[in-house]
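Chemist: Submitted below is the structure of interest, expressed as structure tokens.
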Amino acid sequence: MRGLSGKVALVAGAAPGNIGGATAIRLAEEGMLVVAADLHQAAAQTVVDEITAAGGTAVARGFDITDGQSYRDLINFTVDRFGGLHGLFNVAADLSPQNVGRDTDVMSVPDDVWQHTIDVTLTGYMHGIQDALPIRSSRAAARSSTPCRVPSGWARASTSPTRRPRAD
Ligand SMILES: NC(=O)c1ccc[n+]([C@@H]2O[C@H](COP(=O)([O-])OP(=O)(O)OC[C@H]3O[C@@H](n4cnc5c(N)ncnc54)[C@H](O)[C@@H]3O)[C@@H](O)[C@H]2O)c1
């Protein structure tokens, strides 16, 4: 992967052995400055320890993706620490027995399981994108489009002031 060295990545949901942790390590191998964030800061710190032991640059941060202020604080922390933000990888999820372990089917899924899953993997991701995009946009040319990493692919959000929503 070319062009990543020296750029700043935030991985939200980074713990040892999971997708976020592996991604944080891989991005640091490319020379990115990485913030590894997770509900469990100690888990994120373990990822950071592996990165720094290999000569990379990373810092751990605890946060709760269901809390909009917590995500704003995380973004501000990232910018303060590394001077910018070029890539956001949202991959936090509550796959615990208390949550996914109680997930059943649409007819019987408990309301709190449904709501918490939405709060973590939908509303939480949106909060991150809302807070991160203006930082990217302010650094990009006004005509450009801004890629932001979401779990299922690259979402492209236009930053062009002339772009209009489609009528259909
Ligand atoms: N593992 C796979 O093979 C696979 C494949 C395709 C998609 N996925 C999806 O990718 C996502 C991540 O998968 P994973 O295997 O890495 O899961 P994981 O449970 O190992 O990691 C998720 C991380 O999110 C953190 N987290 C939970 N609640 C949080 C909160 N409120 N705030 C901040 N962090 C929080 C957890 O502490 C954990 O470290 C899931 O949505 C999963 O369904 C996984």
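Residues in the structure tokens are named by chain (A, B, ... in the order shown) and by number from 1 within that chain; ligands are numbered from 1 in the order shown.
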Could the residues of region 15-59 of chain A that have an atom at most 8 Å from region 89-94 of chain A be listed as CSV, each with its closest atom pair and the distance in Å to one decimal, counting only C-alpha atoms and ordered by chain and ascending residue number?
Modeler:
```
residue,atom,partner,partner_atom,distance
A:Ile19,CA,A:Val91,CA,7.3
A:Gly20,CA,A:Val91,CA,6.1
A:Asp38,CA,A:Ala92,CA,7.4
```
Chemist: Can I get the selection written as a PDB file, in the first residue's frame, with N, CA and C atoms?
Modeler:
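Writing done, so here's out_10.pdb:
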```pdb
ATOM      1  N   ILE A  19     -10.403  -7.940  14.229  1.00  0.00           N
ATOM      2  CA  ILE A  19     -10.175  -7.291  12.936  1.00  0.00           C
ATOM      3  C   ILE A  19      -9.506  -5.931  13.129  1.00  0.00           C
ATOM      4  N   GLY A  20      -9.998  -5.158  14.121  1.00  0.00           N
ATOM      5  CA  GLY A  20      -9.427  -3.840  14.361  1.00  0.00           C
ATOM      6  C   GLY A  20      -7.964  -3.922  14.778  1.00  0.00           C
ATOM      7  N   ASP A  38     -10.667   1.397  21.786  1.00  0.00           N
ATOM      8  CA  ASP A  38     -11.602   0.312  22.108  1.00  0.00           C
ATOM      9  C   ASP A  38     -12.308   0.644  23.415  1.00  0.00           C
TER      10      ASP A  38
END
```
Chemist: Enumerate residues in contact with ligand 1: an atom-to-atom distance of at most 7 Å, counting only C-alpha atoms and all ligand atoms. Format the result as an MDAnalysis selection string.
Modeler: chainID A and resid 12:15 17:20 38:40 63:66 91:96 120:121 151
Chemist: Would you mind exporting the chosen residues as a JSON list (two decimals), in the first residue's frame, restricted to C-alpha atoms?
Modeler:
```
[["chain", "number", "residue", "atom", "x", "y", "z"],
["A", 12, "ALA", "CA", -12.22, 2.11, 16.41],
["A", 13, "GLY", "CA", -12.58, -1.35, 17.89],
["A", 14, "ALA", "CA", -8.96, -2.51, 18.14],
["A", 15, "ALA", "CA", -8.10, -5.38, 20.45],
["A", 17, "GLY", "CA", -6.79, -10.95, 17.72],
["A", 18, "ASN", "CA", -9.71, -9.05, 16.27],
["A", 19, "ILE", "CA", -10.18, -7.29, 12.94],
["A", 20, "GLY", "CA", -9.43, -3.84, 14.36],
["A", 38, "ASP", "CA", -11.60, 0.31, 22.11],
["A", 39, "LEU", "CA", -14.13, 0.13, 24.91],
["A", 40, "HIS", "CA", -11.38, -1.70, 26.78],
["A", 63, "PHE", "CA", -13.85, 5.16, 24.29],
["A", 64, "ASP", "CA", -17.48, 4.12, 24.09],
["A", 65, "ILE", "CA", -18.83, 4.21, 20.55],
["A", 66, "THR", "CA", -22.41, 4.51, 21.82],
["A", 91, "VAL", "CA", -15.11, -1.93, 13.34],
["A", 92, "ALA", "CA", -16.34, -1.92, 16.95],
["A", 93, "ALA", "CA", -19.04, -4.46, 17.70],
["A", 94, "ASP", "CA", -20.56, -6.03, 20.78],
["A", 95, "LEU", "CA", -20.32, -9.74, 20.09],
["A", 96, "SER", "CA", -20.43, -10.60, 23.80],
["A", 120, "VAL", "CA", -22.90, 0.34, 18.50],
["A", 121, "THR", "CA", -22.71, -0.62, 14.84],
["A", 151, "PRO", "CA", -17.10, -1.97, 7.40]]
```
Chemist: Excluding His127 (chain A) and any residue of its chain fewer than 5 positions from it, enumerate the residues within 9 Å of it, using only C-alpha atoms, and give them as a PyMOL selection string.
Modeler: chain A and resi 65-68+71-72+122+132
Chemist: Do a neighbour search on Val79 (chain A) at 9 Å with only C-alpha atoms, toss out local chain neighbours closer than 5 positions, and write the hits as a list in words.
Modeler: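 These residues fall inside the cut-off: Val8, Leu74, Gly84, Leu85 and Ile135 of chain A.
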Chemist: For the selection you just gave me, I'd like the residues written to a file as a compact mmCIF listing (two decimals), in the first residue's frame, keeping N, CA and C atoms.
Modeler:
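Dumped everything to result.txt:
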```txt
# COMPACT_ATOMS: atom_id res chain seq x y z
N VAL A 8 -2.28 9.53 9.28
CA VAL A 8 -2.86 9.20 10.58
C VAL A 8 -4.10 8.32 10.41
N LEU A 74 -12.46 11.31 21.21
CA LEU A 74 -11.49 10.43 20.57
C LEU A 74 -10.92 11.08 19.30
N GLY A 84 -3.67 15.39 12.72
CA GLY A 84 -4.63 15.24 11.62
C GLY A 84 -5.33 13.90 11.71
N LEU A 85 -6.09 13.60 10.69
CA LEU A 85 -6.77 12.30 10.60
C LEU A 85 -7.02 12.03 9.12
N ILE A 135 -12.83 17.05 9.32
CA ILE A 135 -11.39 17.19 9.46
C ILE A 135 -10.72 16.85 8.15
```
